[in-house]
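Student: Supplied structure: model-v7.tsv, TSV, C-alpha atoms.
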chain	number	residue	atom	x	y	z
P	30	MET	CA	20.69	-4.25	39.59
P	31	ALA	CA	22.56	-6.21	36.91
P	32	ALA	CA	24.87	-4.37	34.50
P	33	LEU	CA	23.84	-2.86	31.18
P	34	ILE	CA	23.43	-5.33	28.32
P	35	THR	CA	26.00	-4.50	25.66
P	36	THR	CA	25.91	-7.28	23.05
P	37	LEU	CA	23.10	-8.54	20.88
P	38	GLU	CA	23.85	-12.12	21.95
P	39	GLU	CA	23.42	-11.19	25.61
P	40	PHE	CA	20.21	-9.34	24.83
P	41	GLN	CA	18.73	-12.35	23.05
P	42	GLU	CA	19.75	-14.64	25.91
P	43	GLU	CA	18.22	-12.38	28.57
P	44	TYR	CA	15.06	-11.79	26.53
P	45	ALA	CA	14.59	-15.54	26.04
P	46	LYS	CA	14.57	-16.04	29.83
P	47	GLY	CA	11.28	-14.16	29.96
P	48	ILE	CA	9.41	-16.25	27.37
P	49	GLY	CA	6.02	-17.21	28.77
P	50	VAL	CA	5.99	-14.45	31.39
P	51	LYS	CA	2.83	-12.30	31.57
P	52	LEU	CA	3.77	-8.74	32.48
P	53	PRO	CA	1.89	-6.78	35.16
P	54	VAL	CA	-0.95	-4.71	33.69
P	55	ARG	CA	0.07	-1.08	33.34
P	56	GLY	CA	-2.41	1.74	33.78
P	57	ILE	CA	-6.19	1.55	34.13
P	58	GLY	CA	-7.07	1.28	30.46
P	59	ARG	CA	-8.69	3.78	28.12
P	60	GLU	CA	-12.39	4.63	28.14
P	61	ALA	CA	-14.05	4.75	24.73
P	62	SER	CA	-15.72	8.04	25.51
P	63	LEU	CA	-16.87	10.19	22.62
P	64	ASP	CA	-14.00	12.61	23.31
P	65	ASN	CA	-11.39	9.83	23.35
P	66	ILE	CA	-12.79	8.25	20.18
P	67	ARG	CA	-12.68	11.63	18.43
P	68	ARG	CA	-9.14	12.27	19.65
P	69	PHE	CA	-8.15	8.89	18.28
P	70	GLY	CA	-9.61	9.89	14.89
P	71	ASP	CA	-7.71	13.18	15.07
P	72	GLY	CA	-4.52	11.25	15.77
P	73	VAL	CA	-4.79	8.93	12.76
P	74	GLY	CA	-6.49	11.40	10.43
P	75	ASP	CA	-9.76	9.44	10.18
P	76	TYR	CA	-12.93	11.54	10.33
P	77	ASN	CA	-15.34	8.71	9.56
P	78	PRO	CA	-18.71	9.91	10.95
P	79	LEU	CA	-19.54	6.35	12.06
P	80	TRP	CA	-17.46	6.94	15.17
P	81	ARG	CA	-17.67	10.74	15.48
P	82	ASP	CA	-21.20	11.84	14.68
P	83	PRO	CA	-23.94	10.62	17.08
P	84	ARG	CA	-26.74	11.39	14.58
P	85	TYR	CA	-25.02	9.50	11.78
P	86	ALA	CA	-24.12	6.59	14.05
P	87	ALA	CA	-27.70	6.34	15.33
P	88	GLU	CA	-28.81	5.40	11.80
P	89	SER	CA	-26.18	2.63	11.50
P	90	ARG	CA	-26.53	-1.03	12.44
P	91	PHE	CA	-24.95	-0.13	15.80
P	92	CYS	CA	-27.67	2.44	16.61
P	93	GLY	CA	-25.03	4.62	18.26
P	94	ILE	CA	-21.37	5.51	18.57
P	95	THR	CA	-18.75	2.76	18.49
P	96	ALA	CA	-14.98	3.00	18.34
P	97	PRO	CA	-12.97	2.10	15.24
P	98	PRO	CA	-11.26	-1.32	15.39
P	99	MET	CA	-7.83	0.23	15.92
P	100	PHE	CA	-8.99	2.06	19.06
P	101	ILE	CA	-7.25	-0.78	20.89
P	102	TYR	CA	-4.08	1.26	20.25
P	103	GLY	CA	-5.64	4.01	22.33
P	104	ALA	CA	-5.62	1.60	25.26
P	105	SER	CA	-2.12	0.32	24.49
P	106	LEU	CA	0.12	0.04	21.45
P	107	GLY	CA	0.93	-3.38	22.85
P	108	ILE	CA	4.70	-2.99	22.51
P	109	GLY	CA	5.99	-3.18	26.10
P	110	ALA	CA	6.63	-6.92	26.26
P	111	ALA	CA	8.04	-6.95	22.74
P	112	ILE	CA	10.49	-4.13	23.53
P	113	ASN	CA	12.05	-5.41	26.76
P	114	GLY	CA	10.48	-8.77	27.46
P	115	ASN	CA	10.92	-9.36	31.19
P	116	ILE	CA	14.29	-7.57	31.28
P	117	ASP	CA	14.67	-4.70	33.74
P	118	GLY	CA	14.45	-1.64	31.48
P	119	ARG	CA	17.36	-0.01	33.30
P	120	ARG	CA	19.67	-2.61	31.73
P	121	LEU	CA	18.81	-1.41	28.23
P	122	THR	CA	19.57	1.88	26.53
P	123	SER	CA	19.07	3.11	22.99
P	124	ALA	CA	22.76	4.08	23.02
P	125	ASN	CA	23.33	0.34	22.68
P	126	PHE	CA	20.07	-1.02	21.28
P	127	PRO	CA	17.50	1.11	19.45
P	128	MET	CA	14.16	-0.49	18.66
P	129	ASN	CA	11.70	-0.19	15.79
P	130	TYR	CA	8.15	-1.39	15.40
P	131	ALA	CA	8.02	-4.26	12.89
P	132	GLY	CA	4.27	-4.93	12.68
P	133	GLY	CA	2.09	-7.74	13.89
P	134	GLU	CA	-1.12	-9.70	13.51
P	135	ILE	CA	-4.36	-8.43	15.04
P	136	ASN	CA	-7.62	-10.37	15.37
P	137	PHE	CA	-10.71	-8.29	16.15
P	138	LEU	CA	-13.26	-10.23	18.21
P	139	LYS	CA	-15.83	-7.78	19.61
P	140	THR	CA	-17.21	-4.32	18.94
P	141	ILE	CA	-15.94	-1.55	21.22
P	142	TRP	CA	-19.01	0.38	22.37
P	143	GLN	CA	-19.07	3.96	23.58
P	144	GLY	CA	-18.43	3.82	27.34
P	145	ASP	CA	-16.34	0.64	27.24
P	146	THR	CA	-12.97	0.70	28.97
P	147	ILE	CA	-10.22	-1.23	27.20
P	148	ARG	CA	-7.09	-2.57	28.90
P	149	ALA	CA	-4.22	-4.72	27.65
P	150	GLU	CA	-2.36	-7.74	29.02
P	151	GLU	CA	1.01	-8.66	27.47
P	152	THR	CA	2.92	-11.94	27.44
P	153	VAL	CA	6.49	-12.52	26.19
P	154	VAL	CA	6.42	-15.03	23.31
P	155	ASP	CA	9.68	-15.41	21.34
P	156	VAL	CA	12.93	-13.91	20.10
P	157	VAL	CA	14.85	-14.78	16.92
P	158	THR	CA	17.92	-13.33	15.20
P	159	LYS	CA	17.78	-12.08	11.62
P	160	HIS	CA	20.09	-10.09	9.36
P	161	SER	CA	19.66	-6.93	7.32
P	162	ASP	CA	22.11	-5.27	4.96
P	163	ARG	CA	21.12	-1.92	6.45
P	164	ILE	CA	21.51	-2.61	10.19
P	165	GLY	CA	23.32	-5.96	10.35
P	166	ASP	CA	22.12	-8.63	12.77
P	167	PHE	CA	18.99	-7.81	14.74
P	168	CYS	CA	16.45	-9.51	16.99
P	169	ILE	CA	12.75	-9.81	16.28
P	170	CYS	CA	11.06	-9.85	19.67
P	171	THR	CA	7.49	-11.13	19.78
P	172	ALA	CA	4.76	-10.70	22.37
P	173	MET	CA	1.08	-11.60	22.60
P	174	VAL	CA	-1.29	-8.82	23.63
P	175	GLU	CA	-4.86	-9.44	24.78
P	176	TYR	CA	-7.32	-6.55	24.96
P	177	PHE	CA	-10.25	-6.81	27.38
P	178	ASN	CA	-13.22	-4.58	28.12
P	179	GLN	CA	-14.66	-3.86	31.57
P	180	ARG	CA	-16.91	-6.92	31.22
P	181	LEU	CA	-13.75	-9.06	30.99
P	182	GLU	CA	-14.64	-9.91	27.38
P	183	LEU	CA	-11.74	-10.49	25.02
P	184	VAL	CA	-12.05	-7.70	22.44
P	185	ALA	CA	-8.94	-8.32	20.33
P	186	THR	CA	-5.60	-10.13	20.28
P	187	LYS	CA	-2.37	-8.90	18.80
P	188	ARG	CA	0.91	-10.64	18.08
P	189	THR	CA	3.45	-7.81	18.19
P	190	ASN	CA	6.91	-7.78	16.59
P	191	MET	CA	9.66	-5.33	17.55
P	192	ALA	CA	13.15	-5.14	16.07
P	193	ARG	CA	16.12	-4.62	18.41
P	194	TYR	CA	19.52	-3.96	16.84
P	195	LYS	CA	22.96	-2.68	17.75
P	196	ASN	CA	23.23	1.10	17.50
P	197	LEU	CA	24.97	1.98	14.24
P	198	GLY	CA	27.12	4.53	16.09
P	199	GLY	CA	28.90	7.63	14.86
P	200	GLY	CA	25.65	9.38	14.00
P	201	LYS	CA	24.94	6.90	11.21
P	202	THR	CA	21.30	6.70	10.16
P	203	ILE	CA	19.23	4.01	8.48
P	204	LYS	CA	19.35	4.46	4.71
P	205	TYR	CA	16.23	4.15	2.60
P	206	ASP	CA	14.93	5.68	-0.61
P	207	ARG	CA	13.44	9.14	-0.06
P	208	GLU	CA	14.20	10.67	-3.46
P	209	SER	CA	10.98	11.78	-5.13
P	210	LYS	CA	10.30	9.58	-8.15
P	211	SER	CA	6.52	9.29	-8.23
P	212	ASN	CA	3.81	11.71	-9.25
P	213	VAL	CA	2.96	12.26	-5.59
P	214	THR	CA	3.53	15.89	-4.61
P	215	GLU	CA	3.90	17.50	-1.20
P	216	THR	CA	0.55	18.44	0.25
P	217	ALA	CA	-0.86	19.52	3.61
P	218	PRO	CA	-2.33	16.55	5.48
P	219	ASP	CA	-5.03	18.43	7.41
P	220	PRO	CA	-7.52	19.16	4.58
P	221	LEU	CA	-7.34	15.55	3.40
P	222	VAL	CA	-9.38	14.32	6.36
P	223	PHE	CA	-12.30	16.55	5.34
P	224	GLU	CA	-12.06	15.76	1.63
P	225	ARG	CA	-11.98	11.99	2.07
P	226	ALA	CA	-14.75	10.02	0.29
P	227	ARG	CA	-15.96	6.74	1.86
P	228	LYS	CA	-18.38	3.93	1.10
P	229	GLY	CA	-20.20	4.90	4.28
P	230	ASN	CA	-23.75	3.62	4.69
P	231	ALA	CA	-24.00	2.40	1.09
P	232	ILE	CA	-23.73	-1.36	1.56
P	233	ARG	CA	-20.86	-3.10	-0.22
P	234	THR	CA	-21.91	-6.66	-0.99
P	235	TRP	CA	-19.61	-9.63	-1.34
P	236	ASP	CA	-21.11	-10.51	-4.72
P	237	SER	CA	-20.17	-7.12	-6.17
P	238	VAL	CA	-16.47	-7.47	-5.28
P	239	VAL	CA	-14.03	-8.44	-8.05
P	240	GLU	CA	-10.66	-9.99	-7.27
P	241	GLY	CA	-7.84	-7.72	-8.39
P	242	GLU	CA	-9.87	-4.50	-8.28
P	243	ALA	CA	-8.08	-1.50	-6.84
P	244	LEU	CA	-9.23	0.34	-3.74
P	245	PRO	CA	-9.53	4.14	-3.86
P	246	THR	CA	-6.17	5.50	-2.76
P	247	LEU	CA	-5.84	7.11	0.66
P	248	PRO	CA	-3.54	10.16	0.45
P	249	LYS	CA	-2.02	11.06	3.81
P	250	GLY	CA	-0.04	14.08	2.67
P	251	THR	CA	3.39	15.19	3.77
P	252	TYR	CA	4.28	14.02	7.26
P	253	THR	CA	4.65	16.92	9.67
P	254	VAL	CA	5.51	17.42	13.31
P	255	THR	CA	1.82	18.18	13.81
P	256	GLU	CA	0.92	14.71	12.49
P	257	LEU	CA	3.43	13.22	14.93
P	258	PHE	CA	2.01	15.34	17.74
P	259	LEU	CA	-1.60	14.41	16.99
P	260	PHE	CA	-0.90	10.68	17.04
P	261	THR	CA	1.23	10.91	20.17
P	262	HIS	CA	-1.34	12.84	22.15
P	263	GLY	CA	-4.53	11.57	20.53
P	264	VAL	CA	-3.62	7.89	20.63
P	265	VAL	CA	-0.56	7.12	22.75
P	266	GLY	CA	-1.26	9.55	25.59
P	267	THR	CA	0.16	12.56	27.38
P	268	GLY	CA	2.58	10.97	29.85
P	269	ARG	CA	5.65	12.97	30.84
P	270	SER	CA	9.25	11.79	31.25
P	271	PRO	CA	10.95	11.66	34.67
P	272	ARG	CA	14.41	13.19	35.00
P	273	ALA	CA	16.08	9.78	35.19
P	274	ALA	CA	14.66	8.81	31.80
P	275	LEU	CA	15.83	12.06	30.19
P	276	GLU	CA	19.32	11.61	31.61
P	277	ALA	CA	19.49	7.94	30.58
P	278	GLU	CA	18.50	8.80	27.03
P	279	ASN	CA	20.62	11.98	26.91
P	280	SER	CA	17.70	14.11	25.77
P	281	LYS	CA	15.87	17.21	26.92
P	282	ASP	CA	12.68	16.13	25.13
P	283	LEU	CA	11.48	12.55	25.05
P	284	GLY	CA	8.08	13.51	23.70
P	285	GLY	CA	6.78	10.79	21.42
P	286	GLY	CA	9.36	8.42	22.86
P	287	GLY	CA	12.19	10.69	21.68
P	288	ARG	CA	10.72	11.30	18.24
P	289	TYR	CA	10.52	15.09	18.67
P	290	ASP	CA	14.23	15.45	19.50
P	291	GLU	CA	15.95	15.38	16.11
P	292	GLU	CA	19.44	14.84	17.55
P	293	HIS	CA	18.18	12.00	19.74
P	294	ALA	CA	16.33	10.47	16.76
P	295	LYS	CA	19.56	10.42	14.75
P	296	LYS	CA	22.07	9.36	17.40
P	297	ARG	CA	19.94	7.06	19.56
P	298	ARG	CA	17.42	5.69	17.06
P	299	ASN	CA	19.53	5.93	13.86
P	300	MET	CA	16.71	7.75	12.05
P	301	PRO	CA	17.27	10.47	9.39
P	302	GLY	CA	15.19	12.91	11.46
P	303	GLN	CA	12.01	13.21	13.51
P	304	PHE	CA	9.99	10.10	12.74
P	305	ASP	CA	6.58	8.52	13.17
P	306	TRP	CA	5.20	5.76	15.34
P	307	GLY	CA	5.03	2.62	13.18
P	308	PRO	CA	1.53	1.88	14.58
P	309	GLN	CA	0.34	5.16	13.04
P	310	ARG	CA	0.81	3.70	9.57
P	311	VAL	CA	-0.87	0.47	10.71
P	312	CYS	CA	-3.93	2.58	11.53
P	313	TRP	CA	-3.79	4.00	8.00
P	314	LEU	CA	-3.76	0.48	6.57
P	315	CYS	CA	-6.92	-0.29	8.50
P	316	GLN	CA	-8.53	3.01	7.49
P	317	ILE	CA	-8.28	2.34	3.76
P	318	ALA	CA	-10.12	-0.94	4.41
P	319	THR	CA	-12.93	0.57	6.53
P	320	ASP	CA	-13.36	3.43	4.04
P	321	TRP	CA	-13.72	0.94	1.18
P	322	ALA	CA	-15.84	-1.67	2.96
P	323	GLY	CA	-18.46	0.65	4.46
P	324	ASP	CA	-20.40	0.77	7.72
P	325	ASP	CA	-21.96	-2.71	7.51
P	326	ALA	CA	-18.68	-4.57	7.02
P	327	VAL	CA	-16.73	-6.22	9.84
P	328	ILE	CA	-12.94	-6.02	10.03
P	329	LYS	CA	-11.83	-9.47	11.17
P	330	SER	CA	-8.04	-9.30	11.14
P	331	LEU	CA	-5.05	-7.19	10.14
P	332	ASP	CA	-1.59	-8.67	9.50
P	333	THR	CA	1.08	-6.01	8.95
P	334	ARG	CA	4.79	-5.48	8.39
P	335	VAL	CA	6.51	-2.12	8.92
P	336	ARG	CA	9.54	-2.22	6.65
P	337	HIS	CA	11.09	1.25	6.43
P	338	PRO	CA	11.09	4.52	8.40
P	339	ASN	CA	8.74	7.43	7.81
P	340	VAL	CA	10.27	10.76	8.78
P	341	VAL	CA	9.01	14.31	8.81
P	342	GLY	CA	9.00	15.51	5.21
P	343	ASP	CA	8.03	12.19	3.62
P	344	THR	CA	4.82	12.22	1.59
P	345	ASN	CA	2.62	9.16	2.08
P	346	THR	CA	-0.11	7.46	0.08
P	347	VAL	CA	-1.94	4.25	1.01
P	348	TYR	CA	-2.90	1.84	-1.78
P	349	GLY	CA	-4.81	-1.41	-1.86
P	350	ASN	CA	-6.47	-4.06	-3.98
P	351	VAL	CA	-8.71	-7.08	-3.55
P	352	ALA	CA	-6.38	-10.05	-3.16
P	353	ARG	CA	-9.02	-12.76	-2.60
P	354	LYS	CA	-12.72	-13.35	-1.96
P	355	TYR	CA	-13.88	-16.60	-0.41
P	356	GLU	CA	-16.45	-18.34	1.78
P	357	GLU	CA	-15.65	-20.04	5.07
P	358	ASN	CA	-17.94	-21.48	7.76
P	359	GLY	CA	-20.96	-19.80	6.26
P	360	GLU	CA	-19.37	-16.32	6.15
P	361	ARG	CA	-18.15	-14.38	3.14
P	362	PHE	CA	-14.72	-12.78	3.34
P	363	VAL	CA	-12.48	-10.52	1.31
P	364	ASP	CA	-8.72	-10.25	1.80
P	365	LEU	CA	-7.37	-6.81	0.95
P	366	LYS	CA	-3.70	-6.26	0.18
P	367	VAL	CA	-2.81	-2.79	1.46
P	368	TRP	CA	0.41	-0.81	1.60
P	369	ASN	CA	1.81	2.67	2.26
P	370	GLU	CA	4.28	4.28	-0.15
P	371	ASN	CA	6.48	7.33	0.30
P	372	GLN	CA	7.35	9.89	-2.39
P	373	ALA	CA	9.96	7.54	-3.86
P	374	GLY	CA	7.33	4.85	-4.44
P	375	LEU	CA	8.94	2.79	-1.66
P	376	PRO	CA	6.47	0.60	0.28
P	377	THR	CA	7.21	1.43	3.92
P	378	ALA	CA	4.38	-0.59	5.50
P	379	GLU	CA	2.17	-3.34	4.11
P	380	GLY	CA	-0.45	-5.79	5.22
P	381	ILE	CA	-3.46	-7.99	4.61
P	382	VAL	CA	-6.85	-6.97	5.98
P	383	THR	CA	-9.61	-9.57	6.17
P	384	VAL	CA	-13.13	-8.15	5.91
P	385	ALA	CA	-16.51	-9.89	6.30
P	386	LEU	CA	-19.12	-8.53	3.88
P	387	ALA	CA	-22.83	-8.94	3.47
P	388	ARG	CA	-24.10	-11.30	0.77
Translate this structure into structure tokens?
Tutor:
Amino acid sequence: MAALITTLEEFQEEYAKGIGVKLPVRGIGREASLDNIRRFGDGVGDYNPLWRDPRYAAESRFCGITAPPMFIYGASLGIGAAINGNIDGRRLTSANFPMNYAGGEINFLKTIWQGDTIRAEETVVDVVTKHSDRIGDFCICTAMVEYFNQRLELVATKRTNMARYKNLGGGKTIKYDRESKSNVTETAPDPLVFERARKGNAIRTWDSVVEGEALPTLPKGTYTVTELFLFTHGVVGTGRSPRAALEAENSKDLGGGGRYDEEHAKKRRNMPGQFDWGPQRVCWLCQIATDWAGDDAVIKSLDTRVRHPNVVGDTNTVYGNVARKYEENGERFVDLKVWNENQAGLPTAEGIVTVALAR
């Protein structure tokens, strides 16, 4: 095996060698069983009855249970090719190069029906160098992910971006604004899922939408270890770490990819403490759109950027507004600008959701 990669220049060079390579499919996919769909909802804090309650779903246009659009993350977060490309993972360590999820662009093509099995195929696409005042030079690594069902139908595509940067060293952590400046107060996240109001089966028409109007806010409460646990085990999965991985990452607990181990999170990932999966906030950005649009709407695409960390103790609220309404090829669309803010009013994740609405 080749030696460890130690410089960002070498990493970029080695990553670039894999551009165009399609990685072997990992795992057997994830079945959209009622239990798995419900666990996904538990993991993202979305108790929409459209994909939890068989009686409610039977009265919808689907006539039964379907999975939420973001259930593709239950099959795969689609980050493998963007993290390592085609590089042997044993040549990379977070002691040299931590990684953070930077967002991506998802196009939703088909409904995921109860009983479908979704799998992902990943292809290495690109790598570019950028600069940040907080972490210095870093690489944005891009991969294309294709999600298929058991009928070999293309369900969704995702262009994934991951940031790879040189470890800050010396226990230094990424600095961002966490000082409470807004009127958002600490609150337990659990009750919020039951208290959430949605458009539901009341049809939202395209004609009734006004550009610039605000969406009802989506409070997510104060991020806890339980929220991290629920997403890890409800969405990502319950895989365990072999001894070699624990030793390589110098950790006794790599649960959540090392997110549970506070010392590892600080020294190996340069985070202020235990921290979330970036895709968890992407699911929140989609949820505010589905809650607003209602059961008859169709989520067409989601383009996101994850800009800052979210650590245990941060209090999160998702906001949105109608950026644009337009007609194209006989369909009527609305673009929603959505973003998540912490207690300092700092946008930590943002995106554009395109929704097709009835006339």
Student: Give one line per residue of segment 109-211 of chain P that approaches segment 278-284 of chain P to at most 12 Å, naming the two atoms of the closest pair and their distance in Å to one decimal, counting only C-alpha atoms; sort by chain then ascending residue number and deliver it as a Markdown table.
Tutor:
| residue | atom | partner | partner_atom | distance |
| --- | --- | --- | --- | --- |
| P:Arg119 | CA | P:Glu278 | CA | 10.9 |
| P:Leu121 | CA | P:Glu278 | CA | 10.3 |
| P:Thr122 | CA | P:Glu278 | CA | 7.0 |
| P:Ser123 | CA | P:Glu278 | CA | 7.0 |
| P:Ala124 | CA | P:Glu278 | CA | 7.5 |
| P:Asn125 | CA | P:Glu278 | CA | 10.7 |
| P:Phe126 | CA | P:Glu278 | CA | 11.5 |
| P:Pro127 | CA | P:Glu278 | CA | 10.8 |
Student: Please identify all polymer residues within 12 Å of Gly266 of chain P, counting all atoms listed in the file, omitting same-chain residues fewer than 4 positions from it, and present them as a list in words.
Tutor: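 Counting all atoms listed in the file, the residues come to Gly56, Gly58, Arg59, Asn65, Arg68, Phe69, Gly72, Tyr102, Gly103, Ala104, Ser105, Leu106, Phe258, Leu259, Phe260, Thr261, His262, Gly284, Gly285 and Gly286 of chain P.
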Student: Go ahead and write the selection's residues with C-alpha atoms as a short mmCIF file (atom, residue, chain, number, x, y, z; two decimals), in the frame of the given file.
Tutor:
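Output file again.cif is given in full below:
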data_model
loop_
_atom_site.label_atom_id
_atom_site.label_comp_id
_atom_site.auth_asym_id
_atom_site.auth_seq_id
_atom_site.Cartn_x
_atom_site.Cartn_y
_atom_site.Cartn_z
CA GLY P 56 -2.41 1.74 33.78
CA GLY P 58 -7.07 1.28 30.46
CA ARG P 59 -8.69 3.78 28.12
CA ASN P 65 -11.39 9.83 23.35
CA ARG P 68 -9.14 12.27 19.65
CA PHE P 69 -8.15 8.89 18.28
CA GLY P 72 -4.52 11.25 15.77
CA TYR P 102 -4.08 1.26 20.25
CA GLY P 103 -5.64 4.01 22.33
CA ALA P 104 -5.62 1.60 25.26
CA SER P 105 -2.12 0.32 24.49
CA LEU P 106 0.12 0.04 21.45
CA PHE P 258 2.01 15.34 17.74
CA LEU P 259 -1.60 14.41 16.99
CA PHE P 260 -0.90 10.68 17.04
CA THR P 261 1.23 10.91 20.17
CA HIS P 262 -1.34 12.84 22.15
CA GLY P 284 8.08 13.51 23.70
CA GLY P 285 6.78 10.79 21.42
CA GLY P 286 9.36 8.42 22.86
#
Student: Of the candidates P:Leu33, P:Phe304, P:Ile328, P:Thr251, which shows the shortest atom-to-atom distance to Tyr289 of chain P, using all atoms listed in the file?
Tutor: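 Once distances to Tyr289 of chain P are computed over all atoms listed in the file, the minimum belongs to P:Phe304.
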Student: Looking at only C-alpha atoms, which of P:Lys329, P:Lys366, P:Arg55, P:Lys295 is the one that sits closest to Ala352 of chain P?
Tutor: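 Among the listed residues, the smallest separation from Ala352 of chain P belongs to P:Lys366.
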Student: May I have a table of the residues of segment 46-77 of chain P lying at most 8 Å from segment 82-98 of chain P, giving each one's closest pair of atoms and their distance in Å to one decimal, counting all atoms listed in the file, ordered by chain and ascending residue number, as a Markdown table?
Tutor:
| residue | atom | partner | partner_atom | distance |
| --- | --- | --- | --- | --- |
| P:Ala61 | CA | P:Ala96 | CA | 6.7 |
| P:Leu63 | CA | P:Ile94 | CA | 7.7 |
| P:Ile66 | CA | P:Ala96 | CA | 6.0 |
Student: Quick one: residues within 8 Å of segment 330-340 of chain P, all atoms listed in the file, excluding same-chain residues fewer than 3 positions away - as JSON, numbers by chain?
Tutor: {"P": [130, 131, 132, 133, 134, 135, 136, 137, 205, 252, 300, 301, 302, 303, 304, 305, 307, 311, 315, 343, 371, 376, 377, 378, 379, 380, 381, 382, 383, 384]}
Student: Using only C-alpha atoms, which protein or nucleic acid residues come within 12 Å of Glu215 of chain P? Drop anything in the same chain fewer than 4 positions from it, and give the result as a PDB file with C-alpha atoms, in the frame of the given file.
Tutor:
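Output contents, as saved in part19.pdb:
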ATOM      1  CA  SER P 209      10.980  11.780  -5.130  1.00  0.00           C
ATOM      2  CA  SER P 211       6.520   9.290  -8.230  1.00  0.00           C
ATOM      3  CA  PRO P 248      -3.540  10.160   0.450  1.00  0.00           C
ATOM      4  CA  LYS P 249      -2.020  11.060   3.810  1.00  0.00           C
ATOM      5  CA  GLY P 250      -0.040  14.080   2.670  1.00  0.00           C
ATOM      6  CA  THR P 251       3.390  15.190   3.770  1.00  0.00           C
ATOM      7  CA  TYR P 252       4.280  14.020   7.260  1.00  0.00           C
ATOM      8  CA  THR P 253       4.650  16.920   9.670  1.00  0.00           C
ATOM      9  CA  VAL P 341       9.010  14.310   8.810  1.00  0.00           C
ATOM     10  CA  GLY P 342       9.000  15.510   5.210  1.00  0.00           C
ATOM     11  CA  ASP P 343       8.030  12.190   3.620  1.00  0.00           C
ATOM     12  CA  THR P 344       4.820  12.220   1.590  1.00  0.00           C
ATOM     13  CA  ASN P 345       2.620   9.160   2.080  1.00  0.00           C
ATOM     14  CA  THR P 346      -0.110   7.460   0.080  1.00  0.00           C
ATOM     15  CA  ASN P 371       6.480   7.330   0.300  1.00  0.00           C
ATOM     16  CA  GLN P 372       7.350   9.890  -2.390  1.00  0.00           C
ATOM     17  CA  ALA P 373       9.960   7.540  -3.860  1.00  0.00           C
TER      18      ALA P 373
END
Student: Quick check, in Å to one decimal: how far apart do atom CA of Glu240 of chain P and atom CA of Phe362 of chain P lie?
Tutor: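 Answer for the atom CA of Glu240 of chain P to atom CA of Phe362 of chain P separation: 11.7 Å.
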Student: Give the answer as one residue: which of P:Arg148, P:Arg233, P:Arg361, P:Lys159 has the shortest atom-to-atom distance to Ala192 of chain P, using only C-alpha atoms?
Tutor: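 Ranked by minimum distance to Ala192 of chain P, first place goes to P:Lys159.
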Student: With distances taken over only C-alpha atoms, which of P:Ile203, P:Leu314, P:Val265, P:Val73 is nearest to Lys296 of chain P?
Tutor: P:Ile203
Student: Keeping C-alpha atoms (and nothing else), can you write segment 42-66 of chain P of this structure as a PDB file, in the first residue's frame?
Tutor:
ATOM      1  CA  GLU P  42      -3.424  15.203  -7.292  1.00  0.00           C
ATOM      2  CA  GLU P  43      -4.386  11.714  -6.105  1.00  0.00           C
ATOM      3  CA  TYR P  44      -8.098  12.560  -5.987  1.00  0.00           C
ATOM      4  CA  ALA P  45      -7.973  13.916  -9.546  1.00  0.00           C
ATOM      5  CA  LYS P  46      -6.638  10.555 -10.789  1.00  0.00           C
ATOM      6  CA  GLY P  47      -9.995   9.016  -9.926  1.00  0.00           C
ATOM      7  CA  ILE P  48     -12.182  11.467 -11.873  1.00  0.00           C
ATOM      8  CA  GLY P  49     -14.659   9.503 -13.964  1.00  0.00           C
ATOM      9  CA  VAL P  50     -14.349   6.321 -11.897  1.00  0.00           C
ATOM     10  CA  LYS P  51     -17.614   4.707 -10.759  1.00  0.00           C
ATOM     11  CA  LEU P  52     -17.132   3.143  -7.339  1.00  0.00           C
ATOM     12  CA  PRO P  53     -18.356  -0.382  -6.534  1.00  0.00           C
ATOM     13  CA  VAL P  54     -21.853  -0.380  -5.049  1.00  0.00           C
ATOM     14  CA  ARG P  55     -21.729  -0.774  -1.286  1.00  0.00           C
ATOM     15  CA  GLY P  56     -24.414  -2.639   0.624  1.00  0.00           C
ATOM     16  CA  ILE P  57     -27.748  -3.948  -0.637  1.00  0.00           C
ATOM     17  CA  GLY P  58     -29.727  -0.729  -0.392  1.00  0.00           C
ATOM     18  CA  ARG P  59     -32.487   0.294   2.001  1.00  0.00           C
ATOM     19  CA  GLU P  60     -36.053  -0.971   1.808  1.00  0.00           C
ATOM     20  CA  ALA P  61     -38.743   1.682   2.158  1.00  0.00           C
ATOM     21  CA  SER P  62     -40.656  -0.399   4.661  1.00  0.00           C
ATOM     22  CA  LEU P  63     -43.096   1.353   6.957  1.00  0.00           C
ATOM     23  CA  ASP P  64     -40.681   0.841   9.868  1.00  0.00           C
ATOM     24  CA  ASN P  65     -37.725   2.288   7.939  1.00  0.00           C
ATOM     25  CA  ILE P  66     -39.763   5.257   6.717  1.00  0.00           C
TER      26      ILE P  66
END
